[in-house]
Structure formats: structure tokens, C-alpha cells
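Source file: protein-v6.cif; contents: mmCIF, C-alpha atoms and all ligand atoms.
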data_run
loop_
_atom_site.label_atom_id
_atom_site.label_comp_id
_atom_site.auth_asym_id
_atom_site.auth_seq_id
_atom_site.Cartn_x
_atom_site.Cartn_y
_atom_site.Cartn_z
CA MET D 382 36.69 -2.14 59.13
CA HIS D 383 39.49 -2.16 61.77
CA ASN D 384 40.76 -5.60 60.87
CA GLU D 385 40.88 -5.32 57.07
CA THR D 386 44.65 -4.87 57.05
CA GLN D 387 45.03 -7.90 59.23
CA VAL D 388 42.76 -9.94 56.96
CA MET D 389 44.80 -8.89 53.94
CA ALA D 390 48.07 -9.80 55.62
CA ASN D 391 46.68 -13.23 56.48
CA LEU D 392 45.69 -13.80 52.91
CA ALA D 393 48.86 -12.97 51.03
CA PRO D 394 49.17 -15.44 48.15
CA PRO D 395 50.55 -18.75 49.41
CA PRO D 396 53.89 -19.93 48.13
CA GLY D 397 54.00 -22.73 45.60
CA ARG D 398 51.32 -23.69 43.14
CA PRO D 399 48.25 -24.86 45.07
CA PHE D 400 46.22 -25.53 41.92
CA ASP D 401 48.89 -27.79 40.45
CA LEU D 402 47.82 -31.38 41.11
CA ASP D 403 51.47 -32.35 41.50
CA ASP D 404 52.03 -29.88 44.34
CA GLY D 405 50.11 -31.47 47.21
CA ASP D 406 51.95 -29.55 49.94
CA SER D 407 51.03 -26.15 48.51
CA TYR D 408 47.46 -27.33 48.08
CA ALA D 409 47.23 -28.51 51.70
CA ARG D 410 48.52 -25.17 53.02
CA TRP D 411 46.29 -23.14 50.70
CA ARG D 412 43.25 -25.31 51.49
CA GLU D 413 43.58 -24.82 55.22
CA ARG D 414 43.79 -21.05 54.90
CA LYS D 415 40.99 -20.96 52.37
CA LEU D 416 38.61 -22.84 54.64
CA GLN D 417 39.57 -20.74 57.65
CA SER D 418 38.83 -17.51 55.84
CA GLN D 419 35.54 -18.55 54.23
CA PRO D 420 32.69 -16.04 54.48
CA GLN D 421 29.95 -17.34 56.73
CA SER D 422 27.14 -15.54 54.98
CA LEU D 423 26.43 -13.04 52.22
CA GLU D 424 26.73 -10.23 54.79
CA ASP D 425 30.45 -10.99 55.08
CA LEU D 426 30.80 -10.10 51.40
CA ILE D 427 28.87 -6.81 51.47
CA VAL D 428 30.69 -3.49 51.55
CA GLU D 429 28.87 -0.21 51.98
CA ILE D 430 30.34 2.48 49.77
CA GLY D 431 29.47 6.00 48.69
CA ASP D 432 30.19 6.56 45.01
CA PRO D 433 31.73 3.63 43.09
CA ARG D 434 33.45 6.16 40.82
CA ARG D 435 35.38 7.62 43.73
CA LEU D 436 36.25 4.96 46.29
CA THR D 437 37.88 6.01 49.51
CA PRO D 438 41.05 4.07 50.37
CA ALA D 439 39.11 2.19 53.06
CA GLU D 440 36.33 1.24 50.63
CA ARG D 441 38.83 0.03 48.08
CA GLU D 442 40.65 -1.99 50.71
CA ALA D 443 37.41 -3.52 51.96
CA LEU D 444 36.41 -4.62 48.44
CA THR D 445 39.87 -6.01 47.75
CA ALA D 446 39.96 -7.92 51.04
CA ARG D 447 36.72 -9.70 50.21
CA CYS D 448 37.97 -10.57 46.75
CA GLN D 449 41.11 -12.01 48.34
CA ARG D 450 39.02 -14.21 50.61
CA ALA D 451 36.24 -15.25 48.26
CA ASN D 452 37.08 -13.83 44.82
CA MET D 453 34.02 -11.59 45.11
CA ALA D 454 32.49 -8.62 46.91
CA VAL D 455 29.01 -7.15 46.82
CA TYR D 456 28.84 -3.39 47.18
CA ALA D 457 25.93 -1.27 48.29
CA SER D 458 26.49 2.24 46.99
CA ARG D 459 24.60 5.49 47.40
CA VAL D 460 24.35 6.39 43.70
CA GLY D 461 20.75 5.21 43.48
CA ASN D 462 19.45 4.48 40.01
CA GLU D 463 21.83 6.84 38.24
CA ALA D 464 22.23 5.17 34.86
CA THR D 465 25.71 6.00 33.61
CA LYS D 466 28.25 3.48 32.44
CA ASP D 467 30.98 5.52 34.11
CA ILE D 468 29.98 3.73 37.29
CA PRO D 469 31.27 0.25 36.37
CA LEU D 470 34.05 1.73 34.22
CA GLU D 471 35.50 3.93 36.93
CA LEU D 472 34.94 1.37 39.66
CA GLY D 473 36.82 -1.22 37.62
CA ARG D 474 39.69 1.14 36.88
CA GLN D 475 40.27 1.71 40.59
CA LEU D 476 40.45 -2.05 41.13
CA GLY D 477 42.84 -2.81 38.28
CA LEU D 478 40.08 -3.94 35.92
CA VAL D 479 40.88 -2.16 32.67
CA ARG D 480 41.06 -4.53 29.70
CA LEU D 481 37.39 -4.81 28.71
CA ASP D 482 36.06 -7.70 26.68
CA SER D 483 33.53 -6.86 24.03
CA ASN D 484 31.01 -9.44 22.90
CA LEU D 485 28.08 -9.89 20.57
CA GLY D 486 25.63 -8.05 22.77
CA ALA D 487 27.87 -5.34 24.19
CA ASP D 488 27.00 -1.76 23.55
CA ASP D 489 29.72 0.19 21.76
CA ASP D 490 31.60 1.11 24.91
CA GLY D 491 32.15 -2.53 25.96
CA ILE D 492 29.64 -2.37 28.82
CA THR D 493 26.56 -4.52 28.27
CA SER D 494 23.08 -3.48 29.35
CA LEU D 495 21.45 -6.64 30.64
CA GLN D 496 17.76 -6.20 30.10
CA VAL D 497 14.92 -7.91 28.31
CA VAL D 498 15.26 -7.26 24.58
CA ARG D 499 12.43 -8.33 22.33
CA GLU D 500 13.71 -7.29 18.94
CA GLY D 501 16.86 -8.00 16.97
CA SER D 502 19.35 -10.83 17.31
CA ARG D 503 19.97 -10.31 21.00
CA GLY D 504 16.48 -11.44 21.89
CA SER D 505 17.40 -15.00 21.00
CA TYR D 506 20.12 -15.10 23.67
CA ILE D 507 18.89 -16.05 27.13
CA PRO D 508 20.72 -13.16 28.92
CA TYR D 509 18.38 -10.75 27.14
CA THR D 510 15.24 -12.58 28.21
CA ASN D 511 13.69 -13.02 31.65
CA ARG D 512 14.46 -16.73 31.76
CA PRO D 513 16.69 -18.41 34.32
CA ILE D 514 20.35 -18.98 33.44
CA HIS D 515 22.23 -22.08 34.63
CA TRP D 516 25.46 -21.96 36.59
CA HIS D 517 28.37 -20.66 34.53
CA THR D 518 31.39 -18.44 34.46
CA ASP D 519 31.35 -15.58 31.97
CA GLY D 520 32.94 -15.88 28.53
CA TYR D 521 33.26 -19.67 28.49
CA TYR D 522 32.86 -19.46 24.70
CA ASN D 523 35.71 -16.96 24.33
CA GLU D 524 38.93 -17.98 22.64
CA PRO D 525 41.64 -19.25 25.00
CA ALA D 526 43.64 -16.02 24.78
CA ALA D 527 40.59 -13.91 25.71
CA GLN D 528 39.33 -15.60 28.83
CA ILE D 529 37.42 -13.52 31.35
CA HIS D 530 39.12 -13.08 34.72
CA GLY D 531 37.18 -10.16 36.17
CA LEU D 532 33.51 -9.21 36.15
CA ILE D 533 31.40 -6.30 37.41
CA LEU D 534 27.61 -6.23 37.58
CA HIS D 535 25.96 -2.96 38.57
CA CYS D 536 22.22 -2.78 39.22
CA ILE D 537 20.22 0.22 38.05
CA HIS D 538 16.83 -1.42 38.69
CA PRO D 539 15.95 -4.88 39.97
CA ALA D 540 12.97 -6.76 38.54
CA ALA D 541 9.60 -6.61 40.27
CA GLU D 542 10.17 -10.21 41.27
CA GLY D 543 13.09 -12.67 41.00
CA GLY D 544 16.32 -12.16 39.07
CA GLY D 545 18.64 -13.09 41.95
CA ASN D 546 22.06 -14.64 41.50
CA ALA D 547 23.58 -17.65 43.21
CA LEU D 548 27.31 -17.11 43.66
CA MET D 549 30.12 -19.56 44.33
CA ASP D 550 33.81 -18.89 44.53
CA HIS D 551 35.27 -21.10 41.78
CA GLU D 552 38.22 -21.88 44.06
CA MET D 553 35.76 -23.50 46.47
CA ALA D 554 34.30 -25.60 43.65
CA TYR D 555 37.86 -26.69 42.82
CA LEU D 556 38.56 -27.46 46.48
CA LEU D 557 35.43 -29.56 46.95
CA LEU D 558 36.06 -31.44 43.73
CA ARG D 559 39.75 -32.08 44.51
CA ASP D 560 38.87 -33.26 48.02
CA ALA D 561 36.36 -35.71 46.56
CA ASP D 562 38.67 -37.00 43.82
CA PRO D 563 41.78 -35.29 42.41
CA GLU D 564 41.34 -37.31 39.23
CA HIS D 565 38.12 -35.42 38.58
CA VAL D 566 40.07 -32.18 38.69
CA ARG D 567 42.65 -33.70 36.35
CA ALA D 568 39.91 -34.66 33.89
CA LEU D 569 38.51 -31.13 33.91
CA MET D 570 41.99 -29.67 33.34
CA ALA D 571 42.27 -31.52 30.02
CA ALA D 572 42.73 -29.18 27.07
CA ASP D 573 39.69 -30.69 25.33
CA ALA D 574 37.45 -31.17 28.38
CA MET D 575 34.69 -28.82 27.22
CA THR D 576 33.88 -27.74 23.68
CA ILE D 577 31.37 -25.09 22.72
CA PRO D 578 30.27 -25.68 19.13
CA ALA D 579 30.46 -22.90 16.57
CA ASN D 580 27.77 -20.23 16.59
CA ALA D 581 26.38 -19.91 13.11
CA VAL D 582 23.22 -18.03 12.18
CA GLU D 583 21.74 -18.62 8.73
CA GLY D 584 25.01 -19.99 7.45
CA GLN D 585 27.05 -17.09 8.74
CA MET D 586 29.78 -18.02 11.23
CA LEU D 587 29.61 -15.70 14.22
CA ARG D 588 32.09 -17.66 16.35
CA PRO D 589 34.09 -20.83 15.64
CA SER D 590 33.91 -23.76 18.05
CA ARG D 591 36.00 -23.38 21.22
CA SER D 592 37.68 -26.21 23.09
CA GLY D 593 39.43 -25.81 26.39
CA PRO D 594 39.81 -26.91 29.97
CA VAL D 595 37.33 -26.18 32.75
CA PHE D 596 40.04 -25.53 35.33
CA SER D 597 43.31 -23.97 34.29
CA MET D 598 46.17 -22.17 35.92
CA ALA D 599 46.98 -18.72 34.68
CA ARG D 600 50.66 -17.90 34.20
CA ASP D 601 50.71 -16.20 37.60
CA GLY D 602 49.40 -19.38 39.26
CA HIS D 603 45.82 -18.18 39.75
CA LEU D 604 42.95 -20.53 39.07
CA HIS D 605 40.69 -19.86 36.12
CA MET D 606 37.41 -21.63 35.51
CA ARG D 607 35.54 -21.93 32.24
CA TYR D 608 32.20 -23.63 32.66
CA THR D 609 28.54 -23.78 31.83
CA LYS D 610 26.01 -26.16 33.26
CA ARG D 611 23.76 -25.83 30.23
CA LEU D 612 23.16 -29.09 28.43
CA ARG D 613 22.60 -27.83 24.90
CA ASN D 614 25.49 -26.58 22.80
CA VAL D 615 28.15 -28.10 25.04
CA ILE D 616 30.24 -31.12 24.08
CA TRP D 617 32.06 -32.81 26.92
CA ARG D 618 35.10 -34.98 26.32
CA ASP D 619 33.71 -38.42 25.70
CA ASP D 620 35.15 -40.57 28.47
CA ALA D 621 33.91 -42.02 31.74
CA LEU D 622 36.16 -39.94 34.01
CA THR D 623 35.05 -36.66 32.44
CA ARG D 624 31.41 -37.66 32.75
CA GLU D 625 31.91 -38.53 36.43
CA ALA D 626 33.77 -35.29 37.08
CA VAL D 627 31.05 -33.20 35.44
CA ALA D 628 28.36 -35.05 37.39
CA ASN D 629 30.26 -34.44 40.61
CA LEU D 630 30.63 -30.73 39.83
CA VAL D 631 26.91 -30.46 39.06
CA ALA D 632 26.12 -32.19 42.36
CA ILE D 633 28.24 -29.62 44.20
CA LEU D 634 26.55 -26.70 42.45
CA ASP D 635 23.06 -28.08 42.94
CA GLY D 636 23.78 -29.13 46.52
CA ASP D 637 23.58 -27.16 49.73
CA SER D 638 27.23 -26.15 50.05
CA SER D 639 27.84 -23.36 52.56
CA ALA D 640 30.05 -21.79 49.89
CA ILE D 641 27.00 -20.88 47.79
CA PHE D 642 25.60 -17.42 48.49
CA ARG D 643 22.47 -15.85 47.07
CA ALA D 644 21.97 -12.17 46.33
CA THR D 645 19.39 -10.13 44.50
CA LEU D 646 21.13 -6.88 43.60
CA GLN D 647 19.08 -3.80 44.46
CA VAL D 648 19.25 -0.23 43.19
CA GLY D 649 22.85 1.01 43.29
CA GLN D 650 24.28 -2.36 44.34
CA GLY D 651 26.74 -4.45 42.43
CA LEU D 652 29.10 -7.38 42.28
CA VAL D 653 32.85 -7.18 41.78
CA CYS D 654 34.49 -10.54 41.24
CA ASN D 655 37.17 -12.67 39.67
CA ASN D 656 34.58 -14.28 37.38
CA VAL D 657 33.17 -16.62 40.03
CA LEU D 658 30.50 -19.21 39.28
CA HIS D 659 27.02 -17.74 39.18
CA ASP D 660 23.51 -18.36 37.95
CA ARG D 661 20.45 -16.16 37.51
CA ALA D 662 16.91 -16.86 38.56
CA GLY D 663 14.08 -16.09 36.16
CA PHE D 664 12.27 -12.84 36.84
CA ARG D 665 9.16 -10.81 36.21
CA ASN D 666 9.36 -7.16 35.27
CA GLY D 667 6.78 -4.69 36.50
CA ALA D 668 4.89 -2.15 34.44
CA ASP D 669 7.18 0.84 35.03
CA PRO D 670 10.94 1.36 34.47
CA LYS D 671 11.64 1.22 38.21
CA SER D 672 10.62 -2.43 38.29
CA THR D 673 12.19 -3.31 34.93
CA ARG D 674 15.43 -5.14 35.52
CA LEU D 675 18.48 -3.31 34.19
CA LEU D 676 22.05 -4.26 35.06
CA TYR D 677 25.31 -3.09 33.53
CA ARG D 678 27.87 -5.78 32.96
CA ALA D 679 31.58 -5.31 32.35
CA ARG D 680 33.86 -8.25 31.58
CA TYR D 681 37.63 -8.02 31.85
CA TYR D 682 40.76 -9.93 30.93
CA ASP D 683 42.16 -8.74 34.29
CA ARG D 684 41.66 -9.95 37.84
CA VAL D 685 40.93 -7.59 40.68
CA ALA D 686 44.31 -6.06 41.57
CA GLY D 687 46.03 -7.48 44.63
CA THR D 688 44.01 -10.69 44.69
FE FE J 1 27.10 -14.45 33.70
#

Here is a file; write its structure as C-alpha cells.
Ligand SMILES: [Fe+2]
Amino acid sequence: MHNETQVMANLAPPPGRPFDLDDGDSYARWRERKLQSQPQSLEDLIVEIGDPRRLTPAEREALTARCQRANMAVYASRVGNEATKDIPLELGRQLGLVRLDSNLGADDDGITSLQVVREGSRGSYIPYTNRPIHWHTDGYYNEPAAQIHGLILHCIHPAAEGGGNALMDHEMAYLLLRDADPEHVRALMAADAMTIPANAVEGQMLRPSRSGPVFSMARDGHLHMRYTKRLRNVIWRDDALTREAVANLVAILDGDSSAIFRATLQVGQGLVCNNVLHDRAGFRNGADPKSTRLLYRARYYDRVAGT
């Protein structure tokens, strides 16, 4: 932990607007630093902590430093399978994650229990089944003003088998795509690049259709990504460049990039991130609660503070 301060100093936000396609100099400087500071393996992203509700200054700094490098950190805590939503709530608060998003499946307090649900409307949504979920960022169907910038997953119990997540820093996806062809990035920055059709059940409109860019720059210059690899219920802008860009992005995500990490969260472990790209493998639950997958998920309009 001795060099965390040094790592943080090295990763102060670069000047200029690296994600602006018209600012090539800023991009070149940012790109070099980004590649230099890339995690080499999942281990580089793991931080051992005691209680997520009460981080020590060193634990908080270690989590923040990893989010500065890779927009994500995986923590391994000592709270075991304690099932209280204070854990993600308090953890988030200490990291500047406070403005919670609520969604169709969220429990009343804005934290969602991700588990297999057989009854009710939630059972028809893939997150509440044991099926695999394609690459995506969270909340891609949210309205433009309510995009998700921060995400916490906290594991109470893993499945008996499977249920791991692939993780990729969305800034690395941007970098690889821009290196291959900046025009592909431009296509995916179009305001109508990706449309999610309305969600209507039995004639009742639950959510209107949402159009927006894949890559966008937040007002503070940070990169935001809104994406799903699913094929159904997504309408891509109908032109050749967009199709090529999407195919290129899919090739990156399905390829063997060293920027893709895989983790299966265990009891008491979790992910803190700036809504990076992720997927979920299918899984099989066991017969008892200890091998029945249960994760808490909190989505935020905020990024991790200081990143
Ligand atoms: Fe997700």
C-alpha cells in the first residue's frame, strides 16, 4: 500500500479533453498514461478491507486509486454473508456515491437484490433468472438525464456454479476503438446511435423508447458509455459506419484483450466501479441458501469521488 499516494499523483486528471475527437493532443497524452497504468491482472484490482461500512483512510485510498486507474476496484471484505443493505449504502456514501437510481426491480430502498425470482413481473427480466447476460453498462435504457455513472455490487452468496462477471474499463474500449478508427468512435457518439424501444406490457407503457449515444462526454469531461450487446430490443442507427463500429466494438469485447478481467464475487466481496462494461455468466444455484446466488446492486448518478 506504500505507493498508493504516488499512483494517485501520477493519475491526476489530464489537462484538455482526451475524449473529444477534435483534441488529438490531449488524447495522445491521456492514452500513454492510461496504457502505462493498466492493471496486469485481476489481482491488481483487488483490495482487502475490513468492514465496507467503515473504511479506514488507507482502504478508501486504495479503492479510489484503482478506480482512477481502471474505473473499478474489487474488494474482499470480512463481513461474511451479513445481509444488510447498509453495506453497499454506507460504502457508496464514503466514496461519493449518493444519488441512487431506482428502477423497475429495485426494492423500496433503491438497492436491488439480484437473485432468481420465479414469480411476478421481475421473473421475465433476465437479471432475475440464472441465464447469462451479454456485455452492457447499467441503465442503458435510462433517460439521458438519468444515466448511471457509478455502480456497486456486493455479494452475499455466490451460486453453486458459475455467475462470474467479465469486466472491462469502458475507457479501454474507447481507446481500442479510437486506435482502430476514430470514425467508429464518432459514429457511436451520434445522438441517435442506439435506441432502446419502449417497454410496454399488455398495452401499458412502462418506459418510452430511449435514443442516445454510446460514448458521450459528461460536462466534467469524463467518458460515459451506454451500451448493450444484446440483439433483441436494440435499434442501431441504420448506416454502414455505425454497423462497422458496432461490429468492431463487439469484436473487442469478444476478443482476448488484456483489458478484460474475470471475477466471480465470493461471500463478502464486491465491485465498486464507474459503470464499466460487464457481462454475467449463467449459473446454477445449489439446494441451500448458502449456494443460492444473492447480490445487492446499487446504481448511482455519481462517479466514484476523486476519479
Ligand atoms: Fe449490469

So how many Å separate CA of Lys671 (chain D) and CA of Val428 (chain D), to one decimal? 23.7 Å

For region 398-414 of chain D, find every residue with an atom within 12 Å (counting only C-alpha atoms), except residues of its own chain fewer than 2 positions away, and show them as a ChimeraX atom specification. /D:388,391-396,416-419,449-451,551-560,562-570,596-606

Give me, as a ChimeraX atom specification, the set of residues whose atoms come within 9 Å of any atom of ligand FE 1 (chain J), counting all atoms listed in the file. /D:508,514,516-520,532,656,658-661,678

Which residues are close to Ala457 (chain D), i.e. within 6 Å by all atoms listed in the file, leaving aside same-chain residues fewer than 2 positions away? Reply as number ranges by chain. D: 429-430, 650

Considering all atoms listed in the file, can you say which of D:Gly477, D:Pro589, D:Pro469, D:Gly667 comes closest to Gly687 (chain D)?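 Among the listed residues, D:Gly477 lies closest to Gly687 (chain D).
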
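Of the residues under consideration (D:Arg607, D:Arg434, D:Arg588, D:Lys466), D:Arg607 shows the shortest atom-to-atom contact distance to His530 (chain D) when counting only C-alpha atoms.
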
Which residues, written as a list of chain:residue names, have at least one atom at most 8 Å from Asp482 (chain D), with all atoms listed in the file counted and residues fewer than 5 positions away on the same chain left out?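 Residues near the query, excluding close chain neighbours: D:Gly491, D:Ala527, D:Ile529, D:Ala679, D:Arg680, D:Tyr681, D:Tyr682.
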
Atom pair CA of Leu676 (chain D) / CA of Tyr456 (chain D): separation (Å):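 CA of Leu676 (chain D) sits 13.9 Å away from CA of Tyr456 (chain D).
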
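Comparing the minimum interatomic distances between Ser592 (chain D) and each of D:Leu646, D:Met549, D:Ala579, D:Ala574, counting all atoms listed in the file, we find that D:Ala574 sits nearest.
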
Quick one: everything within 10 Å of Ile468 (chain D), counting only C-alpha atoms, minus sequence neighbours fewer than 5 positions away in the same chain. Send it as an MDAnalysis selection string. chainID D and resid 432:435 460 463 473 535 649 677

One decimal, in Å: what's the spacing between CA of Thr465 (chain D) and CA of Cys536 (chain D)?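 The value is 11.0 Å.
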
As a PyMOL selection string, please: the residues near Ala454 (chain D) (cut-off 9 Å, all atoms listed in the file, same-chain neighbours under 4 positions excluded). chain D and resi 425-428+443-448+651-654

With distances taken over only C-alpha atoms, which residue among D:Arg480, D:His515, D:Arg643, D:Arg499 lies nearest Arg684 (chain D)?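 Under the stated criterion, the closest residue is D:Arg480.
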
With only C-alpha atoms as the atoms that count, which of D:Val455, D:Val595, D:Ala662, D:Ile533 lies nearest to Glu471 (chain D)?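 The answer is D:Ile533, which sits nearest to Glu471 (chain D).
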
Looking at D:Ile616, D:Leu622, D:Ala572, D:Ala547, which one is nearest to Asp635 (chain D), with distances taken over all atoms listed in the file?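 The answer is D:Ala547, which sits nearest to Asp635 (chain D).
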